[in-house]
Amino acid sequence: MMDESTELSLTIAQIVQRLKGSHLHSQIERQAKECLHQPDIKLESLKEDVRSFLKTSGWERKLQNAVYRELHVQLPPSHPAAPPEHLKEPLAYMRKAQASWEKRVLKSLNSMSTELGVPLARMRPAVEQKELTNKWNEMGTDEPDLSRFRPVYAPKDFLEVLISLRNPNHDSSEDISARSHWGLIQVPLNVRDIPQLRQAYSELNLTTGQLGIDDHAHVHPDLFENDYVQIGKKVVADQDSAAAQQYSRQGCPTGLRAELWALILNSTNQPPDVMHYEQLKAGVIQHDLLVDNLIYKDVKLTASNDDYYFVFEDFLYQVLLCFSRDTAVLEHFKYNSATPPKSYIQGKVGEEECAVVYPPNVAPLCFLYNEPSKLYSVFREMYIRYFFRLHSISSSPSGIVSLCLQFERLLQTHLPQLFYHLRQIGAQPLRIAFKWMVRAFSGYLSTDQLLLLWDRILGYDSLEVVAVLAAAVFAFRAENLMEVTSLASAEAVLADLSTLKVMPLIQIFLFATAI
């Protein structure tokens, strides 16, 4: 183990290295040079004067926000002697499972490419490029025949892989309680139970004001909402990422959410970000990828048929098609157990394109951002911080394996009769809840409630609250679920979550459950 001071100096060195050469670095350098001409900058106190100028002109805050972002994106420094794959995932059996899952997905993509005679990537002819440029803002009007294209995998396929995970070094017969054999997930990971969650999520307790509860029509706004919104405006004015993250734990007011989320994620939408988006757009227009058809199909099957999201269909195509070509996303795979599938354009040397197979949850963000480049940069940051963990096998506390295990443990510990009953009738709770968790409830909750849930994901920098909500939904419908006699009837009881109120459910489950 490294001592604290070595760990700290290693972290600082890594962050300095990553920020060097960034757009922010060159901006601060330019400002520092320009301020030398000012009369109040003295030669004898040059260092202090330049530093105080950068502080008063807001550049120090921008640098703090950039450092804060780096701390959230990269993993804590590992031992200097540890091999690079340990940085991606410390447990060998998890790495092995992820690699074999990737092989399976890639094989499925390649066989689809061969069967249909569609290359993984091709250059579009000039006519096609012009056509796509003209209809860029109305791609939703297209009705291509996608019947030949099948999804690469369904959530239930991924769940089967997680169920089959085993730690070869762990003898499960040593487990004292029979309860550990009730659930589907059989890996020994450390997940938090209610007492630890109460401590970690103390701002969600019954005596603290919450958006999603205390802004209800029956509660006078003077009691909580008005003051809370004023504090939110001050947080936005101060442009402090850490303060915005802390504030988000009690929820973000609708009018401030877009600015607060961008601040937490340090998504600034500077000219280089806009330019990067335009370059990706040019990439979409020039090259056609096999995964484009899968993205089209996914959007057509989900958003197009959704009462909330169908109006954003064009936005979704734009963002997801650009995302599938963004090589900057590859950077986060250094800290992720996954290795992205890449497709190569024939005739181009040294350029690789990242193909993200599972289209992530972009639709809810369309309610917050109407400028494509801003929407894109916030979505990309959400993906590389949080959502990628829902589609890759890892031992991270926010990873899908831990979330599944935590969901099962919470139910087994606090609703053992319900868990046992559902298990006996062949309706394992995880088989129902998995699809909610793998999409972070996107497409299942009403949009206002989903955004309140995501406020807390950002505020606590963790996806744990997704597992807590899944368990809370079962607790809320426990009475009806105790009456069911089959998996189909259990699914029917939990089919519609659109009327649920997220915060009361989470609050009651965490703070009003008898321990």
# chains A, B, ... in the order shown; residues from 1 in each chain; ligands from 1
>>> residues_around(residues="Gln129 (chain A)", least_positions_apart="5", cutoff="8 Å", atoms="only C-alpha atoms", output="PDB file with all heavy atoms, in the first residue's frame")
ATOM      1  N   ARG A 124     -19.124   7.124 -47.426  1.00  0.00           N
ATOM      2  CA  ARG A 124     -20.365   7.405 -48.165  1.00  0.00           C
ATOM      3  C   ARG A 124     -20.031   8.044 -49.521  1.00  0.00           C
ATOM      4  O   ARG A 124     -19.154   8.916 -49.579  1.00  0.00           O
ATOM      5  CB  ARG A 124     -21.237   8.401 -47.398  1.00  0.00           C
ATOM      6  CG  ARG A 124     -21.809   7.894 -46.102  1.00  0.00           C
ATOM      7  CD  ARG A 124     -22.770   8.945 -45.527  1.00  0.00           C
ATOM      8  NE  ARG A 124     -22.945   8.788 -44.086  1.00  0.00           N
ATOM      9  CZ  ARG A 124     -23.860   8.019 -43.508  1.00  0.00           C
ATOM     10  NH1 ARG A 124     -24.686   7.321 -44.264  1.00  0.00           N
ATOM     11  NH2 ARG A 124     -23.950   7.950 -42.204  1.00  0.00           N
ATOM     12  N   ILE A 285     -21.277  12.329 -41.584  1.00  0.00           N
ATOM     13  CA  ILE A 285     -21.661  12.585 -42.978  1.00  0.00           C
ATOM     14  C   ILE A 285     -20.738  11.845 -43.954  1.00  0.00           C
ATOM     15  O   ILE A 285     -21.181  11.318 -44.968  1.00  0.00           O
ATOM     16  CB  ILE A 285     -21.708  14.113 -43.237  1.00  0.00           C
ATOM     17  CG1 ILE A 285     -22.956  14.689 -42.524  1.00  0.00           C
ATOM     18  CG2 ILE A 285     -21.743  14.442 -44.723  1.00  0.00           C
ATOM     19  CD1 ILE A 285     -22.972  16.172 -42.345  1.00  0.00           C
ATOM     20  N   GLN A 286     -19.444  11.745 -43.603  1.00  0.00           N
ATOM     21  CA  GLN A 286     -18.484  11.093 -44.510  1.00  0.00           C
ATOM     22  C   GLN A 286     -18.559   9.568 -44.470  1.00  0.00           C
ATOM     23  O   GLN A 286     -18.422   8.908 -45.480  1.00  0.00           O
ATOM     24  CB  GLN A 286     -17.053  11.513 -44.149  1.00  0.00           C
ATOM     25  CG  GLN A 286     -16.722  12.919 -44.610  1.00  0.00           C
ATOM     26  CD  GLN A 286     -15.419  13.411 -43.990  1.00  0.00           C
ATOM     27  OE1 GLN A 286     -14.739  12.673 -43.289  1.00  0.00           O
ATOM     28  NE2 GLN A 286     -15.080  14.656 -44.243  1.00  0.00           N
TER      29      GLN A 286
END
>>> residues_around(residues="Leu109 (chain A)", least_positions_apart="5", cutoff="10 Å", atoms="only C-alpha atoms", output="MDAnalysis selection string")
chainID A and resid 103:104 114:115 120 150:153 290:291 341 357
>>> closest_atom_pairs(of="region 250-292 of chain A", to="region 385-400 of chain A", cutoff="12 Å", atoms="only C-alpha atoms", output="JSON lines")
{"residue": "A:Ile264", "atom": "CA", "partner": "A:Arg385", "partner_atom": "CA", "distance": 11.3}
{"residue": "A:Leu265", "atom": "CA", "partner": "A:Arg385", "partner_atom": "CA", "distance": 8.8}
{"residue": "A:Asn266", "atom": "CA", "partner": "A:Arg385", "partner_atom": "CA", "distance": 11.8}
>>> write_last_selection(atoms="all heavy atoms", output="PDB file, in the first residue's frame")
ATOM      1  N   ILE A 264     -21.605  20.837 -12.604  1.00  0.00           N
ATOM      2  CA  ILE A 264     -21.102  19.648 -11.896  1.00  0.00           C
ATOM      3  C   ILE A 264     -20.166  18.854 -12.798  1.00  0.00           C
ATOM      4  O   ILE A 264     -19.114  18.384 -12.381  1.00  0.00           O
ATOM      5  CB  ILE A 264     -22.273  18.735 -11.433  1.00  0.00           C
ATOM      6  CG1 ILE A 264     -23.127  19.438 -10.367  1.00  0.00           C
ATOM      7  CG2 ILE A 264     -21.760  17.402 -10.891  1.00  0.00           C
ATOM      8  CD1 ILE A 264     -24.454  18.753 -10.073  1.00  0.00           C
ATOM      9  N   LEU A 265     -20.558  18.732 -14.065  1.00  0.00           N
ATOM     10  CA  LEU A 265     -19.784  17.922 -15.018  1.00  0.00           C
ATOM     11  C   LEU A 265     -18.647  18.718 -15.655  1.00  0.00           C
ATOM     12  O   LEU A 265     -17.866  18.180 -16.437  1.00  0.00           O
ATOM     13  CB  LEU A 265     -20.709  17.384 -16.114  1.00  0.00           C
ATOM     14  CG  LEU A 265     -21.838  16.464 -15.633  1.00  0.00           C
ATOM     15  CD1 LEU A 265     -22.900  16.309 -16.708  1.00  0.00           C
ATOM     16  CD2 LEU A 265     -21.301  15.104 -15.216  1.00  0.00           C
ATOM     17  N   ASN A 266     -18.585  20.013 -15.318  1.00  0.00           N
ATOM     18  CA  ASN A 266     -17.603  20.939 -15.917  1.00  0.00           C
ATOM     19  C   ASN A 266     -17.677  20.873 -17.447  1.00  0.00           C
ATOM     20  O   ASN A 266     -16.671  20.841 -18.143  1.00  0.00           O
ATOM     21  CB  ASN A 266     -16.181  20.626 -15.429  1.00  0.00           C
ATOM     22  CG  ASN A 266     -15.234  21.790 -15.706  1.00  0.00           C
ATOM     23  OD1 ASN A 266     -15.648  22.950 -15.677  1.00  0.00           O
ATOM     24  ND2 ASN A 266     -13.987  21.509 -16.004  1.00  0.00           N
TER      25      ASN A 266
END
>>> atom_distance(atom1="CA of Leu54 (chain A)", atom2="CA of Leu260 (chain A)")
23.3 Å
>>> select_by_dssp(residues="region 238-453 of chain A", states="strand (DSSP E)", output="PyMOL selection string")
chain A and resi 287-289+342-344+352-354
>>> atom_distance(atom1="CA of Ser498 (chain A)", atom2="CA of Thr413 (chain A)")
26.9 Å
>>> residues_around(residues="Ile457 (chain A)", least_positions_apart="4", cutoff="12 Å", atoms="only C-alpha atoms", output="VMD selection string")
chain A and resid 201 245 to 246 248 to 252 261 264 to 265 382 385 to 387 398 440 to 441 450 to 453 461 to 469
>>> residues_around(residues="Asp215 (chain A)", least_positions_apart="4", cutoff="12 Å", atoms="only C-alpha atoms", output="count of residues only")
21
>>> closest_residue(among="A:Glu371, A:Asp496, A:Glu131, A:Asp238", to="Leu263 (chain A)", atoms="only C-alpha atoms")
A:Asp238
>>> closest_atom_pairs(of="region 58-172 of chain A", to="region 188-195 of chain A", cutoff="12 Å", atoms="only C-alpha atoms", output="JSON lines")
{"residue": "A:Leu91", "atom": "CA", "partner": "A:Leu189", "partner_atom": "CA", "distance": 10.8}
{"residue": "A:Met94", "atom": "CA", "partner": "A:Leu189", "partner_atom": "CA", "distance": 11.5}
{"residue": "A:Leu165", "atom": "CA", "partner": "A:Pro188", "partner_atom": "CA", "distance": 10.3}
{"residue": "A:Arg166", "atom": "CA", "partner": "A:Pro188", "partner_atom": "CA", "distance": 8.7}
{"residue": "A:Asn167", "atom": "CA", "partner": "A:Pro188", "partner_atom": "CA", "distance": 7.5}
{"residue": "A:Pro168", "atom": "CA", "partner": "A:Pro188", "partner_atom": "CA", "distance": 10.8}
{"residue": "A:Asn169", "atom": "CA", "partner": "A:Pro188", "partner_atom": "CA", "distance": 10.2}
{"residue": "A:His170", "atom": "CA", "partner": "A:Pro188", "partner_atom": "CA", "distance": 7.7}
{"residue": "A:Asp171", "atom": "CA", "partner": "A:Pro188", "partner_atom": "CA", "distance": 9.9}
{"residue": "A:Ser172", "atom": "CA", "partner": "A:Pro188", "partner_atom": "CA", "distance": 8.7}
>>> residues_around(residues="Ala66 (chain A)", least_positions_apart="3", cutoff="12 Å", atoms="only C-alpha atoms", output="ChimeraX atom specification")
/A:15-16,18-20,22-25,59-63,69-73,239-242,263-268
>>> write_last_selection(atoms="N, CA and C atoms", output="PDB file, in the first residue's frame")
ATOM      1  N   ILE A  15      -2.883  14.666 -12.612  1.00  0.00           N
ATOM      2  CA  ILE A  15      -3.825  15.722 -13.014  1.00  0.00           C
ATOM      3  C   ILE A  15      -3.101  16.822 -13.799  1.00  0.00           C
ATOM      4  N   VAL A  16      -1.908  17.205 -13.306  1.00  0.00           N
ATOM      5  CA  VAL A  16      -1.119  18.234 -14.000  1.00  0.00           C
ATOM      6  C   VAL A  16      -0.824  17.758 -15.426  1.00  0.00           C
ATOM      7  N   ARG A  18      -2.509  15.650 -17.245  1.00  0.00           N
ATOM      8  CA  ARG A  18      -3.720  15.606 -18.076  1.00  0.00           C
ATOM      9  C   ARG A  18      -4.197  17.003 -18.485  1.00  0.00           C
ATOM     10  N   LEU A  19      -3.970  17.990 -17.600  1.00  0.00           N
ATOM     11  CA  LEU A  19      -4.446  19.346 -17.917  1.00  0.00           C
ATOM     12  C   LEU A  19      -3.464  20.113 -18.794  1.00  0.00           C
ATOM     13  N   LYS A  20      -2.201  19.666 -18.814  1.00  0.00           N
ATOM     14  CA  LYS A  20      -1.199  20.323 -19.661  1.00  0.00           C
ATOM     15  C   LYS A  20      -1.617  20.173 -21.118  1.00  0.00           C
ATOM     16  N   SER A  22      -4.178  21.346 -22.452  1.00  0.00           N
ATOM     17  CA  SER A  22      -5.630  21.478 -22.662  1.00  0.00           C
ATOM     18  C   SER A  22      -5.939  22.921 -23.076  1.00  0.00           C
ATOM     19  N   HIS A  23      -7.162  23.128 -23.566  1.00  0.00           N
ATOM     20  CA  HIS A  23      -7.579  24.476 -23.979  1.00  0.00           C
ATOM     21  C   HIS A  23      -7.515  25.426 -22.776  1.00  0.00           C
ATOM     22  N   LEU A  24      -7.931  24.939 -21.613  1.00  0.00           N
ATOM     23  CA  LEU A  24      -7.921  25.777 -20.398  1.00  0.00           C
ATOM     24  C   LEU A  24      -6.491  26.211 -20.057  1.00  0.00           C
ATOM     25  N   HIS A  25      -5.548  25.278 -20.192  1.00  0.00           N
ATOM     26  CA  HIS A  25      -4.146  25.569 -19.887  1.00  0.00           C
ATOM     27  C   HIS A  25      -3.641  26.721 -20.754  1.00  0.00           C
ATOM     28  N   TRP A  59     -10.344  32.874 -13.234  1.00  0.00           N
ATOM     29  CA  TRP A  59      -9.627  31.744 -13.848  1.00  0.00           C
ATOM     30  C   TRP A  59      -9.258  30.684 -12.832  1.00  0.00           C
ATOM     31  N   GLU A  60      -9.016  31.103 -11.600  1.00  0.00           N
ATOM     32  CA  GLU A  60      -8.677  30.121 -10.564  1.00  0.00           C
ATOM     33  C   GLU A  60      -9.851  29.158 -10.348  1.00  0.00           C
ATOM     34  N   ARG A  61     -11.073  29.711 -10.334  1.00  0.00           N
ATOM     35  CA  ARG A  61     -12.271  28.883 -10.157  1.00  0.00           C
ATOM     36  C   ARG A  61     -12.418  27.882 -11.306  1.00  0.00           C
ATOM     37  N   LYS A  62     -12.127  28.360 -12.533  1.00  0.00           N
ATOM     38  CA  LYS A  62     -12.220  27.463 -13.696  1.00  0.00           C
ATOM     39  C   LYS A  62     -11.211  26.315 -13.584  1.00  0.00           C
ATOM     40  N   LEU A  63     -10.030  26.649 -13.070  1.00  0.00           N
ATOM     41  CA  LEU A  63      -9.002  25.625 -12.884  1.00  0.00           C
ATOM     42  C   LEU A  63      -9.433  24.631 -11.799  1.00  0.00           C
ATOM     43  N   ARG A  69     -13.148  17.888 -11.852  1.00  0.00           N
ATOM     44  CA  ARG A  69     -13.628  16.939 -12.857  1.00  0.00           C
ATOM     45  C   ARG A  69     -12.650  15.770 -13.013  1.00  0.00           C
ATOM     46  N   GLU A  70     -11.357  16.080 -13.096  1.00  0.00           N
ATOM     47  CA  GLU A  70     -10.346  15.028 -13.249  1.00  0.00           C
ATOM     48  C   GLU A  70     -10.403  14.037 -12.089  1.00  0.00           C
ATOM     49  N   LEU A  71     -10.618  14.555 -10.879  1.00  0.00           N
ATOM     50  CA  LEU A  71     -10.679  13.683  -9.695  1.00  0.00           C
ATOM     51  C   LEU A  71     -11.848  12.706  -9.791  1.00  0.00           C
ATOM     52  N   HIS A  72     -12.920  13.130 -10.476  1.00  0.00           N
ATOM     53  CA  HIS A  72     -14.091  12.260 -10.584  1.00  0.00           C
ATOM     54  C   HIS A  72     -13.966  11.260 -11.718  1.00  0.00           C
ATOM     55  N   VAL A  73     -13.227  11.622 -12.757  1.00  0.00           N
ATOM     56  CA  VAL A  73     -13.171  10.754 -13.927  1.00  0.00           C
ATOM     57  C   VAL A  73     -12.120   9.662 -13.770  1.00  0.00           C
ATOM     58  N   GLN A 239     -20.253  29.673  -9.910  1.00  0.00           N
ATOM     59  CA  GLN A 239     -19.588  28.765 -10.860  1.00  0.00           C
ATOM     60  C   GLN A 239     -18.620  27.785 -10.188  1.00  0.00           C
ATOM     61  N   ASP A 240     -19.093  27.162  -9.097  1.00  0.00           N
ATOM     62  CA  ASP A 240     -18.245  26.237  -8.345  1.00  0.00           C
ATOM     63  C   ASP A 240     -18.798  24.809  -8.482  1.00  0.00           C
ATOM     64  N   SER A 241     -18.032  23.937  -9.158  1.00  0.00           N
ATOM     65  CA  SER A 241     -18.505  22.559  -9.412  1.00  0.00           C
ATOM     66  C   SER A 241     -18.812  21.798  -8.121  1.00  0.00           C
ATOM     67  N   ALA A 242     -17.927  21.933  -7.119  1.00  0.00           N
ATOM     68  CA  ALA A 242     -18.098  21.179  -5.865  1.00  0.00           C
ATOM     69  C   ALA A 242     -19.366  21.626  -5.143  1.00  0.00           C
ATOM     70  N   LEU A 263     -22.417  22.486 -14.763  1.00  0.00           N
ATOM     71  CA  LEU A 263     -21.391  22.949 -13.816  1.00  0.00           C
ATOM     72  C   LEU A 263     -20.769  21.765 -13.068  1.00  0.00           C
ATOM     73  N   ILE A 264     -21.605  20.837 -12.604  1.00  0.00           N
ATOM     74  CA  ILE A 264     -21.102  19.648 -11.896  1.00  0.00           C
ATOM     75  C   ILE A 264     -20.166  18.854 -12.798  1.00  0.00           C
ATOM     76  N   LEU A 265     -20.558  18.732 -14.065  1.00  0.00           N
ATOM     77  CA  LEU A 265     -19.784  17.922 -15.018  1.00  0.00           C
ATOM     78  C   LEU A 265     -18.647  18.718 -15.655  1.00  0.00           C
ATOM     79  N   ASN A 266     -18.585  20.013 -15.318  1.00  0.00           N
ATOM     80  CA  ASN A 266     -17.603  20.939 -15.917  1.00  0.00           C
ATOM     81  C   ASN A 266     -17.677  20.873 -17.447  1.00  0.00           C
ATOM     82  N   SER A 267     -18.916  20.859 -17.926  1.00  0.00           N
ATOM     83  CA  SER A 267     -19.150  20.829 -19.370  1.00  0.00           C
ATOM     84  C   SER A 267     -19.391  22.268 -19.818  1.00  0.00           C
ATOM     85  N   THR A 268     -18.350  22.901 -20.363  1.00  0.00           N
ATOM     86  CA  THR A 268     -18.374  24.357 -20.546  1.00  0.00           C
ATOM     87  C   THR A 268     -18.891  24.807 -21.906  1.00  0.00           C
TER      88      THR A 268
END
